[in-house]
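Novice: Sharing protein20.pdb here; it has PDB, C-alpha atoms, pLDDT in the B column.
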```pdb
ATOM      1  CA  MET E   1       0.000   0.000   0.000  1.00 48.00           C
ATOM      2  CA  THR E   2       2.976   2.346   0.521  1.00 49.00           C
ATOM      3  CA  ALA E   3       4.728   1.751  -2.821  1.00 50.00           C
ATOM      4  CA  PHE E   4       2.208   3.688  -4.911  1.00 47.00           C
ATOM      5  CA  PRO E   5       2.301   6.928  -2.825  1.00 56.00           C
ATOM      6  CA  GLN E   6       6.103   6.782  -2.824  1.00 59.00           C
ATOM      7  CA  ALA E   7       6.187   6.428  -6.608  1.00 52.00           C
ATOM      8  CA  ALA E   8       3.696   9.272  -7.001  1.00 54.00           C
ATOM      9  CA  ARG E   9       5.813  11.502  -4.774  1.00 57.00           C
ATOM     10  CA  ALA E  10       8.881  10.651  -6.823  1.00 52.00           C
ATOM     11  CA  ARG E  11       7.092  11.548 -10.071  1.00 55.00           C
ATOM     12  CA  ARG E  12       5.905  14.843  -8.574  1.00 55.00           C
ATOM     13  CA  ALA E  13       9.438  15.673  -7.419  1.00 52.00           C
ATOM     14  CA  THR E  14      10.805  14.938 -10.890  1.00 52.00           C
ATOM     15  CA  LEU E  15       8.128  17.071 -12.535  1.00 48.00           C
ATOM     16  CA  LEU E  16       8.774  19.931 -10.105  1.00 49.00           C
ATOM     17  CA  GLY E  17      12.497  19.763 -10.883  1.00 52.00           C
ATOM     18  CA  VAL E  18      11.807  20.063 -14.613  1.00 49.00           C
ATOM     19  CA  VAL E  19       9.545  23.075 -14.003  1.00 48.00           C
ATOM     20  CA  CYS E  20      12.198  24.721 -11.835  1.00 48.00           C
ATOM     21  CA  VAL E  21      14.868  24.246 -14.509  1.00 47.00           C
ATOM     22  CA  GLY E  22      12.585  25.856 -17.103  1.00 50.00           C
ATOM     23  CA  LEU E  23      11.901  28.824 -14.882  1.00 45.00           C
ATOM     24  CA  ALA E  24      15.564  29.236 -14.048  1.00 45.00           C
ATOM     25  CA  ALA E  25      16.308  29.547 -17.753  1.00 45.00           C
ATOM     26  CA  GLY E  26      13.970  32.520 -17.727  1.00 48.00           C
ATOM     27  CA  LEU E  27      16.055  34.201 -15.000  1.00 48.00           C
ATOM     28  CA  THR E  28      13.662  33.216 -12.178  1.00 50.00           C
ATOM     29  CA  ALA E  29      14.547  30.042 -10.321  1.00 51.00           C
ATOM     30  CA  CYS E  30      11.765  28.032  -8.706  1.00 58.00           C
ATOM     31  CA  GLY E  31      11.183  29.118  -5.137  1.00 60.00           C
ATOM     32  CA  GLU E  32      13.621  32.047  -5.389  1.00 74.00           C
ATOM     33  CA  ASP E  33      12.944  35.760  -5.087  1.00 81.00           C
ATOM     34  CA  PRO E  34      13.638  37.329  -8.541  1.00 85.00           C
ATOM     35  CA  ASP E  35      14.735  40.519  -6.764  1.00 87.00           C
ATOM     36  CA  GLU E  36      17.264  38.813  -4.517  1.00 90.00           C
ATOM     37  CA  GLY E  37      20.661  40.445  -4.999  1.00 90.00           C
ATOM     38  CA  THR E  38      19.214  43.405  -6.916  1.00 95.00           C
ATOM     39  CA  ASN E  39      18.739  47.068  -6.071  1.00 96.00           C
ATOM     40  CA  GLY E  40      15.046  46.399  -5.441  1.00 96.00           C
ATOM     41  CA  VAL E  41      13.547  48.613  -8.136  1.00 97.00           C
ATOM     42  CA  GLY E  42      11.997  45.563  -9.811  1.00 97.00           C
ATOM     43  CA  LYS E  43       9.420  45.517  -7.007  1.00 96.00           C
ATOM     44  CA  LEU E  44       8.254  49.050  -7.839  1.00 97.00           C
ATOM     45  CA  SER E  45       5.562  50.128 -10.266  1.00 98.00           C
ATOM     46  CA  ALA E  46       6.521  50.827 -13.871  1.00 98.00           C
ATOM     47  CA  SER E  47       6.180  54.594 -13.426  1.00 97.00           C
ATOM     48  CA  ALA E  48       8.292  54.501 -10.263  1.00 98.00           C
ATOM     49  CA  ILE E  49      11.025  52.510 -12.037  1.00 98.00           C
ATOM     50  CA  GLU E  50      11.091  55.034 -14.888  1.00 97.00           C
ATOM     51  CA  GLY E  51      11.275  57.860 -12.343  1.00 97.00           C
ATOM     52  CA  ARG E  52      14.206  56.229 -10.548  1.00 97.00           C
ATOM     53  CA  ALA E  53      15.999  55.739 -13.868  1.00 98.00           C
ATOM     54  CA  ARG E  54      15.525  59.385 -14.830  1.00 96.00           C
ATOM     55  CA  GLU E  55      16.755  60.503 -11.419  1.00 97.00           C
ATOM     56  CA  ALA E  56      19.860  58.300 -11.622  1.00 97.00           C
ATOM     57  CA  ALA E  57      20.617  59.591 -15.129  1.00 97.00           C
ATOM     58  CA  ARG E  58      20.172  63.200 -14.074  1.00 96.00           C
ATOM     59  CA  ASP E  59      22.456  62.843 -11.032  1.00 97.00           C
ATOM     60  CA  ALA E  60      25.216  60.913 -12.832  1.00 97.00           C
ATOM     61  CA  GLU E  61      28.445  62.759 -13.534  1.00 96.00           C
ATOM     62  CA  ALA E  62      29.095  61.124 -16.911  1.00 98.00           C
ATOM     63  CA  VAL E  63      27.771  58.642 -19.479  1.00 98.00           C
ATOM     64  CA  ARG E  64      28.589  57.183 -22.885  1.00 98.00           C
ATOM     65  CA  LEU E  65      25.694  57.249 -25.351  1.00 97.00           C
ATOM     66  CA  SER E  66      25.815  55.280 -28.599  1.00 97.00           C
ATOM     67  CA  GLY E  67      23.320  54.157 -31.186  1.00 97.00           C
ATOM     68  CA  THR E  68      20.951  55.582 -33.754  1.00 96.00           C
ATOM     69  CA  VAL E  69      18.391  58.352 -33.314  1.00 93.00           C
ATOM     70  CA  VAL E  70      15.785  59.325 -35.908  1.00 93.00           C
ATOM     71  CA  SER E  71      14.488  62.878 -35.561  1.00 86.00           C
ATOM     72  CA  LYS E  72      12.311  64.833 -38.004  1.00 84.00           C
ATOM     73  CA  GLY E  73      12.894  62.217 -40.688  1.00 85.00           C
ATOM     74  CA  ARG E  74      16.672  62.353 -40.383  1.00 88.00           C
ATOM     75  CA  SER E  75      18.811  59.564 -38.932  1.00 93.00           C
ATOM     76  CA  TYR E  76      21.822  60.256 -36.710  1.00 93.00           C
ATOM     77  CA  LYS E  77      24.378  57.704 -35.580  1.00 96.00           C
ATOM     78  CA  LEU E  78      25.853  58.855 -32.276  1.00 97.00           C
ATOM     79  CA  ASP E  79      28.855  57.853 -30.218  1.00 98.00           C
ATOM     80  CA  MET E  80      29.188  60.508 -27.532  1.00 98.00           C
ATOM     81  CA  ARG E  81      30.799  60.732 -24.103  1.00 98.00           C
ATOM     82  CA  LEU E  82      29.019  63.316 -22.003  1.00 98.00           C
ATOM     83  CA  LYS E  83      29.451  64.951 -18.633  1.00 96.00           C
ATOM     84  CA  LYS E  84      28.304  68.099 -16.880  1.00 91.00           C
ATOM     85  CA  GLY E  85      31.186  70.217 -18.189  1.00 92.00           C
ATOM     86  CA  GLY E  86      30.944  69.190 -21.842  1.00 97.00           C
ATOM     87  CA  GLY E  87      31.225  66.263 -24.182  1.00 97.00           C
ATOM     88  CA  THR E  88      33.109  64.694 -27.050  1.00 98.00           C
ATOM     89  CA  GLY E  89      32.416  62.142 -29.757  1.00 97.00           C
ATOM     90  CA  SER E  90      31.109  61.661 -33.269  1.00 97.00           C
ATOM     91  CA  VAL E  91      27.860  62.145 -35.169  1.00 95.00           C
ATOM     92  CA  THR E  92      27.139  60.560 -38.553  1.00 94.00           C
ATOM     93  CA  SER E  93      24.257  61.669 -40.763  1.00 89.00           C
ATOM     94  CA  ARG E  94      23.568  61.103 -44.465  1.00 86.00           C
ATOM     95  CA  GLY E  95      26.832  59.228 -44.786  1.00 85.00           C
ATOM     96  CA  THR E  96      28.929  62.104 -43.437  1.00 88.00           C
ATOM     97  CA  MET E  97      30.687  61.944 -40.087  1.00 92.00           C
ATOM     98  CA  PHE E  98      31.873  64.855 -37.972  1.00 93.00           C
ATOM     99  CA  GLU E  99      33.363  65.064 -34.496  1.00 96.00           C
ATOM    100  CA  LEU E 100      32.246  67.400 -31.745  1.00 97.00           C
ATOM    101  CA  LEU E 101      34.093  68.683 -28.699  1.00 97.00           C
ATOM    102  CA  ARG E 102      32.618  71.024 -26.117  1.00 97.00           C
ATOM    103  CA  ILE E 103      34.291  72.408 -23.022  1.00 97.00           C
ATOM    104  CA  ASP E 104      31.835  74.566 -21.076  1.00 96.00           C
ATOM    105  CA  ASP E 105      30.557  77.032 -23.717  1.00 94.00           C
ATOM    106  CA  GLU E 106      33.384  76.522 -26.235  1.00 94.00           C
ATOM    107  CA  LEU E 107      32.240  74.233 -29.037  1.00 95.00           C
ATOM    108  CA  PHE E 108      34.448  72.768 -31.769  1.00 95.00           C
ATOM    109  CA  MET E 109      33.695  70.502 -34.690  1.00 92.00           C
ATOM    110  CA  LYS E 110      36.051  68.539 -36.934  1.00 93.00           C
ATOM    111  CA  ALA E 111      35.198  66.933 -40.272  1.00 88.00           C
ATOM    112  CA  GLY E 112      36.731  65.706 -43.475  1.00 83.00           C
ATOM    113  CA  ALA E 113      36.878  67.724 -46.699  1.00 76.00           C
ATOM    114  CA  ALA E 114      33.678  66.050 -47.963  1.00 74.00           C
ATOM    115  CA  PHE E 115      31.720  67.774 -45.212  1.00 76.00           C
ATOM    116  CA  TRP E 116      32.867  71.238 -46.262  1.00 71.00           C
ATOM    117  CA  ASP E 117      32.895  70.956 -50.054  1.00 63.00           C
ATOM    118  CA  HIS E 118      29.288  72.162 -50.651  1.00 52.00           C
ATOM    119  CA  GLY E 119      27.912  68.975 -52.169  1.00 54.00           C
ATOM    120  CA  SER E 120      28.644  66.688 -55.097  1.00 53.00           C
ATOM    121  CA  ALA E 121      29.915  69.326 -57.534  1.00 50.00           C
ATOM    122  CA  PRO E 122      32.079  71.773 -55.564  1.00 51.00           C
ATOM    123  CA  SER E 123      33.926  74.606 -57.272  1.00 52.00           C
ATOM    124  CA  LYS E 124      37.712  74.827 -57.184  1.00 53.00           C
ATOM    125  CA  SER E 125      37.492  77.519 -54.509  1.00 53.00           C
ATOM    126  CA  ASP E 126      35.191  75.287 -52.460  1.00 52.00           C
ATOM    127  CA  GLU E 127      37.634  72.414 -52.778  1.00 56.00           C
ATOM    128  CA  ALA E 128      40.520  74.658 -51.721  1.00 53.00           C
ATOM    129  CA  ALA E 129      38.609  75.925 -48.686  1.00 58.00           C
ATOM    130  CA  ALA E 130      37.515  72.406 -47.756  1.00 57.00           C
ATOM    131  CA  GLY E 131      41.113  71.222 -47.954  1.00 62.00           C
ATOM    132  CA  LYS E 132      42.155  73.873 -45.426  1.00 71.00           C
ATOM    133  CA  LEU E 133      39.402  72.819 -43.022  1.00 78.00           C
ATOM    134  CA  GLU E 134      39.896  69.075 -43.354  1.00 78.00           C
ATOM    135  CA  ASP E 135      40.571  67.449 -39.972  1.00 79.00           C
ATOM    136  CA  LYS E 136      40.870  70.844 -38.272  1.00 88.00           C
ATOM    137  CA  TYR E 137      38.907  71.803 -35.185  1.00 92.00           C
ATOM    138  CA  VAL E 138      36.621  74.588 -36.341  1.00 91.00           C
ATOM    139  CA  LYS E 139      35.346  76.737 -33.499  1.00 91.00           C
ATOM    140  CA  VAL E 140      31.561  77.119 -33.664  1.00 90.00           C
ATOM    141  CA  PRO E 141      30.609  80.716 -32.776  1.00 89.00           C
ATOM    142  CA  ASP E 142      27.764  80.966 -30.274  1.00 87.00           C
ATOM    143  CA  GLY E 143      26.007  83.362 -32.671  1.00 84.00           C
ATOM    144  CA  ASP E 144      25.956  80.828 -35.502  1.00 86.00           C
ATOM    145  CA  PRO E 145      22.535  79.250 -36.262  1.00 85.00           C
ATOM    146  CA  ALA E 146      24.093  75.782 -35.953  1.00 87.00           C
ATOM    147  CA  TYR E 147      25.520  76.384 -32.468  1.00 91.00           C
ATOM    148  CA  ASP E 148      22.481  75.345 -30.411  1.00 92.00           C
ATOM    149  CA  GLN E 149      21.760  72.270 -32.528  1.00 89.00           C
ATOM    150  CA  LEU E 150      25.349  71.037 -32.420  1.00 92.00           C
ATOM    151  CA  ARG E 151      25.701  71.851 -28.727  1.00 94.00           C
ATOM    152  CA  GLY E 152      22.639  69.700 -28.041  1.00 93.00           C
ATOM    153  CA  PHE E 153      24.598  66.615 -29.108  1.00 95.00           C
ATOM    154  CA  THR E 154      27.197  67.376 -26.408  1.00 97.00           C
ATOM    155  CA  ASP E 155      24.877  68.370 -23.547  1.00 96.00           C
ATOM    156  CA  LYS E 156      24.152  65.447 -21.227  1.00 96.00           C
ATOM    157  CA  ASP E 157      20.983  66.856 -19.684  1.00 94.00           C
ATOM    158  CA  ILE E 158      19.461  68.102 -22.953  1.00 93.00           C
ATOM    159  CA  LEU E 159      20.211  64.908 -24.854  1.00 93.00           C
ATOM    160  CA  LEU E 160      18.973  62.533 -22.148  1.00 94.00           C
ATOM    161  CA  ASP E 161      15.840  64.556 -21.404  1.00 92.00           C
ATOM    162  CA  GLY E 162      14.966  64.448 -25.086  1.00 88.00           C
ATOM    163  CA  LEU E 163      15.613  60.725 -25.480  1.00 91.00           C
ATOM    164  CA  LEU E 164      14.401  58.996 -22.331  1.00 91.00           C
ATOM    165  CA  GLY E 165      10.675  59.671 -22.637  1.00 89.00           C
ATOM    166  CA  LEU E 166       8.221  56.790 -23.087  1.00 95.00           C
ATOM    167  CA  HIS E 167       4.751  57.282 -24.578  1.00 95.00           C
ATOM    168  CA  GLY E 168       1.490  55.750 -23.446  1.00 96.00           C
ATOM    169  CA  GLU E 169       0.578  53.827 -20.313  1.00 97.00           C
ATOM    170  CA  LEU E 170       3.643  52.355 -18.611  1.00 98.00           C
ATOM    171  CA  SER E 171       3.941  48.675 -17.738  1.00 98.00           C
ATOM    172  CA  LYS E 172       6.667  46.363 -16.507  1.00 97.00           C
ATOM    173  CA  GLY E 173       8.175  44.005 -19.064  1.00 96.00           C
ATOM    174  CA  ALA E 174      10.700  41.202 -19.155  1.00 95.00           C
ATOM    175  CA  ARG E 175      13.811  40.789 -17.054  1.00 97.00           C
ATOM    176  CA  ASP E 176      16.980  40.399 -19.073  1.00 96.00           C
ATOM    177  CA  GLN E 177      20.598  41.534 -19.223  1.00 96.00           C
ATOM    178  CA  VAL E 178      22.306  44.425 -20.991  1.00 97.00           C
ATOM    179  CA  GLY E 179      26.092  44.379 -21.056  1.00 94.00           C
ATOM    180  CA  GLY E 180      26.124  41.647 -18.405  1.00 95.00           C
ATOM    181  CA  ILE E 181      23.956  43.681 -16.003  1.00 97.00           C
ATOM    182  CA  ARG E 182      20.554  42.395 -14.935  1.00 97.00           C
ATOM    183  CA  THR E 183      17.716  44.653 -16.087  1.00 98.00           C
ATOM    184  CA  ILE E 184      13.979  45.097 -15.994  1.00 98.00           C
ATOM    185  CA  GLN E 185      12.141  46.578 -18.947  1.00 98.00           C
ATOM    186  CA  VAL E 186       9.594  49.372 -18.749  1.00 98.00           C
ATOM    187  CA  ASN E 187       7.250  49.547 -21.724  1.00 98.00           C
ATOM    188  CA  GLY E 188       5.306  52.515 -22.975  1.00 97.00           C
ATOM    189  CA  GLY E 189       1.989  51.666 -24.618  1.00 96.00           C
ATOM    190  CA  GLU E 190       2.725  47.911 -24.460  1.00 94.00           C
ATOM    191  CA  GLY E 191       6.045  48.529 -26.197  1.00 94.00           C
ATOM    192  CA  LYS E 192       4.736  50.632 -29.072  1.00 95.00           C
ATOM    193  CA  GLY E 193       5.604  53.774 -27.124  1.00 96.00           C
ATOM    194  CA  GLY E 194       9.177  52.708 -26.452  1.00 96.00           C
ATOM    195  CA  LYS E 195      11.073  50.249 -24.247  1.00 98.00           C
ATOM    196  CA  LEU E 196      13.532  51.188 -21.519  1.00 98.00           C
ATOM    197  CA  ALA E 197      15.891  48.664 -19.879  1.00 98.00           C
ATOM    198  CA  VAL E 198      16.751  49.728 -16.312  1.00 98.00           C
ATOM    199  CA  ALA E 199      19.628  48.287 -14.259  1.00 98.00           C
ATOM    200  CA  LEU E 200      18.705  45.953 -11.397  1.00 98.00           C
ATOM    201  CA  GLN E 201      22.274  46.013 -10.078  1.00 97.00           C
ATOM    202  CA  GLY E 202      23.901  49.074  -8.573  1.00 97.00           C
ATOM    203  CA  LEU E 203      22.110  52.327  -9.250  1.00 98.00           C
ATOM    204  CA  PRO E 204      19.022  52.007 -11.499  1.00 98.00           C
ATOM    205  CA  TYR E 205      20.619  53.574 -14.557  1.00 98.00           C
ATOM    206  CA  PRO E 206      18.858  53.346 -17.931  1.00 98.00           C
ATOM    207  CA  LEU E 207      20.992  51.003 -20.042  1.00 98.00           C
ATOM    208  CA  GLN E 208      19.112  50.697 -23.328  1.00 98.00           C
ATOM    209  CA  LEU E 209      16.270  52.562 -24.978  1.00 97.00           C
ATOM    210  CA  GLU E 210      14.197  51.462 -27.962  1.00 97.00           C
ATOM    211  CA  ARG E 211      12.456  54.645 -29.053  1.00 95.00           C
ATOM    212  CA  ALA E 212       8.808  54.756 -30.018  1.00 93.00           C
ATOM    213  CA  GLY E 213       7.880  54.318 -33.667  1.00 91.00           C
ATOM    214  CA  GLY E 214      11.184  52.729 -34.633  1.00 91.00           C
ATOM    215  CA  ALA E 215      13.008  56.013 -34.023  1.00 93.00           C
ATOM    216  CA  GLY E 216      16.254  54.337 -33.057  1.00 94.00           C
ATOM    217  CA  VAL E 217      17.956  52.255 -30.375  1.00 97.00           C
ATOM    218  CA  VAL E 218      20.386  53.831 -27.912  1.00 97.00           C
ATOM    219  CA  ARG E 219      22.802  52.163 -25.481  1.00 98.00           C
ATOM    220  CA  LEU E 220      23.887  53.974 -22.334  1.00 98.00           C
ATOM    221  CA  ALA E 221      27.056  52.820 -20.590  1.00 98.00           C
ATOM    222  CA  ASP E 222      30.054  53.966 -18.513  1.00 97.00           C
ATOM    223  CA  TRP E 223      27.795  55.771 -16.064  1.00 98.00           C
ATOM    224  CA  ASP E 224      29.778  58.001 -13.677  1.00 97.00           C
ATOM    225  CA  ARG E 225      33.054  57.071 -15.407  1.00 97.00           C
ATOM    226  CA  ASP E 226      34.938  60.336 -15.803  1.00 96.00           C
ATOM    227  CA  PHE E 227      36.968  61.230 -18.893  1.00 96.00           C
ATOM    228  CA  ALA E 228      39.295  64.068 -19.855  1.00 95.00           C
ATOM    229  CA  LEU E 229      38.295  67.069 -21.952  1.00 96.00           C
ATOM    230  CA  ALA E 230      41.069  69.199 -23.402  1.00 94.00           C
ATOM    231  CA  ALA E 231      40.933  72.116 -25.838  1.00 92.00           C
ATOM    232  CA  PRO E 232      42.681  71.443 -29.163  1.00 93.00           C
ATOM    233  CA  ASP E 233      46.048  73.073 -29.855  1.00 92.00           C
ATOM    234  CA  LYS E 234      45.950  76.434 -31.629  1.00 88.00           C
ATOM    235  CA  ASP E 235      47.656  75.027 -34.724  1.00 86.00           C
ATOM    236  CA  GLU E 236      44.820  72.488 -34.998  1.00 89.00           C
ATOM    237  CA  THR E 237      42.081  75.113 -34.691  1.00 88.00           C
ATOM    238  CA  VAL E 238      40.345  77.447 -37.151  1.00 84.00           C
ATOM    239  CA  ASP E 239      38.253  80.333 -35.790  1.00 81.00           C
ATOM    240  CA  TYR E 240      35.871  81.943 -38.300  1.00 68.00           C
ATOM    241  CA  GLY E 241      34.542  84.522 -35.884  1.00 65.00           C
ATOM    242  CA  GLN E 242      30.795  85.069 -36.185  1.00 58.00           C
ATOM    243  CA  GLN E 243      29.633  82.317 -38.561  1.00 60.00           C
ATOM    244  CA  LEU E 244      30.759  78.957 -39.851  1.00 61.00           C
ATOM    245  CA  PRO E 245      31.323  78.416 -43.560  1.00 58.00           C
ATOM    246  CA  ARG E 246      28.371  76.537 -45.057  1.00 56.00           C
ATOM    247  CA  GLY E 247      29.114  72.872 -45.657  1.00 51.00           C
ATOM    248  CA  SER E 248      27.324  70.029 -47.345  1.00 41.00           C
ATOM    249  CA  GLY E 249      26.407  68.659 -43.889  1.00 48.00           C
TER     250      GLY E 249
END
```
Now that the file is in, can you turn its structure into C-alpha cells?

Specialist:
Amino acid sequence: MTAFPQAARARRATLLGVVCVGLAAGLTACGEDPDEGTNGVGKLSASAIEGRAREAARDAEAVRLSGTVVSKGRSYKLDMRLKKGGGTGSVTSRGTMFELLRIDDELFMKAGAAFWDHGSAPSKSDEAAAGKLEDKYVKVPDGDPAYDQLRGFTDKDILLDGLLGLHGELSKGARDQVGGIRTIQVNGGEGKGGKLAVALQGLPYPLQLERAGGAGVVRLADWDRDFALAAPDKDETVDYGQQLPRGSG
C-alpha cells in the first residue's frame, strides 16, 4: 500500500524539478525571489522605475551614449561621451561623419573635406577651402545658427531629457541583461511607445532605450566614469569669428 504513494511523490518531485529548470532559464529560479541580490527597483511600479531611472541619469556625472536616433525624418548615428562640463564624440548623418568637442561654452567641430565641399559638384574655390578645413577643429561661434543644434549633441541633460521619454501607459516588461547587467524593462503603450531597460544592479541607470515608432535604439554605458576634456592646440584650430562656412552637412 505504501509503494504507490512513494512512486507518485517521486514523479511529482521529478516534474517539479523540470519546471524549476525551465523557470531558471527565464532568470527566475523556482522558489527564489527574482529581486534577490538586486537594487530592489523591480518591485516598484513601472512609473516609479522610470522615475528612478531618470533621477539616476540626471544625477550621474558622466555617461557614454551610442546608437541611432531618428528625428524629423533624419537619422543620426551617435557615439558621444558626455558629462556636466561638456562632451566629445562623433555624429554621422547622411553618410557624413563629424566630431564634436565642447568644453563649457566653447564648441568645436572637426570633419573631413567632404563635409565642407558644398555637395557633389564643388567649385575649385570650395575644394581649396575644404582642404584647409579638413581634420581641423573649427570653433563654432555661439552666434551661428548651428551652435544650439550642435551643442545639443554634447549636452548630457538636454540629450537625455529628449531621449528617455516613453509614450502611453507604462507597464513592466521582461527581465533580461544588458552588457552583463541584470535589467527590468519598462514599456510605454505595451512597447509601441518605447522600451527602456533599467539596471537591477547598482544604481538604477537606464541602459538601453528602444524609441517609439522605430526612431532608433540607444545604449547607455560607462555611467559616472569620468573622462578628460582638453581644448585642441591652436595650430589644430580654425576660428571663423561670427559664422561657420556653409558645408554640405

Novice: Which is closest to Thr88 in chain E among E:Gly152, E:Gly165, E:Gly42, E:Pro145, if we use all atoms listed in the file?

Specialist: E:Gly152

Novice: When the PyMOL selection byres ((chain E and resi 232) around 10) is applied to the structure above, which residues does it catch, written out as a PyMOL selection string?

Specialist: chain E and resi 101+108+136-138+229-231+233-237

Novice: For Glu50 in chain E, which residue among E:Gly86, E:Phe227, E:Gly216, E:Val198 is the nearest when counting all atoms listed in the file?

Specialist: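 Checking each candidate against Glu50 in chain E, we get E:Val198 as the closest.
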
Novice: So which residues are close to (19.8, 51.1, -19.9), meaning at most 9 Å away in the file's coordinates with only C-alpha atoms counted, and can you show them as a list in words?

Specialist: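 Collected hits near the coordinates: Ala53, Val178, Thr183, Gln185, Leu196, Ala197, Val198, Ala199, Pro204, Tyr205, Pro206, Leu207, Gln208, Leu209, Val218, Arg219, Leu220 and Ala221 of chain E.
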
Novice: When you count all atoms listed in the file, which of these residues is closest to Val41 in chain E: E:His167, E:Lys172, E:Arg225, E:Lys195?

Specialist: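 Using all atoms listed in the file, Val41 in chain E sits closest to E:Lys172.
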
Novice: Given the file above and the PyMOL selection byres ((chain E and resi 89-98) around 12), which residues are selected, and can you give them as a VMD selection string?

Specialist: chain E and resid 63 to 71 73 to 83 86 to 88 99 to 102 108 to 117 119 134 to 138 150 to 155 227 229 247 to 249

Novice: Starting from the PyMOL selection byres ((chain E and resi 190) around 10), expand the selection into actual residues of this file and give them as a ChimeraX atom specification.

Specialist: /E:167-173,186-189,191-195

Novice: For CA of Asp33 in chain E and CA of Asp176 in chain E, quote the distance in Å rounded to one decimal.

Specialist: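 Those two atoms sit 15.3 Å apart.
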
Novice: One decimal, in Å: what's the spacing between CA of Asp142 in chain E and CA of Val238 in chain E?

Specialist: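 The value is 14.8 Å.
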
Novice: List the neighbours of Asn39 in chain E out to 8 Å using all atoms listed in the file; skip same-chain residues closer than 5 positions along the sequence, and give me the result as a PyMOL selection string.

Specialist: chain E and resi 200-204

Novice: Could you write out the selected residues, including C-alpha atoms, as an mmCIF file, in the frame of the given file?

Specialist:
```cif
data_model
loop_
_atom_site.group_PDB
_atom_site.id
_atom_site.type_symbol
_atom_site.label_atom_id
_atom_site.label_comp_id
_atom_site.auth_asym_id
_atom_site.auth_seq_id
_atom_site.Cartn_x
_atom_site.Cartn_y
_atom_site.Cartn_z
ATOM 1 C CA LEU E 200 18.705 45.953 -11.397
ATOM 2 C CA GLN E 201 22.274 46.013 -10.078
ATOM 3 C CA GLY E 202 23.901 49.074 -8.573
ATOM 4 C CA LEU E 203 22.110 52.327 -9.250
ATOM 5 C CA PRO E 204 19.022 52.007 -11.499
#
```

Novice: Quick one: pull the distance between CA of Leu164 in chain E and CA of Arg58 in chain E, Å, one decimal.

Specialist: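 Pair CA of Leu164 in chain E / CA of Arg58 in chain E returns 10.9 Å.
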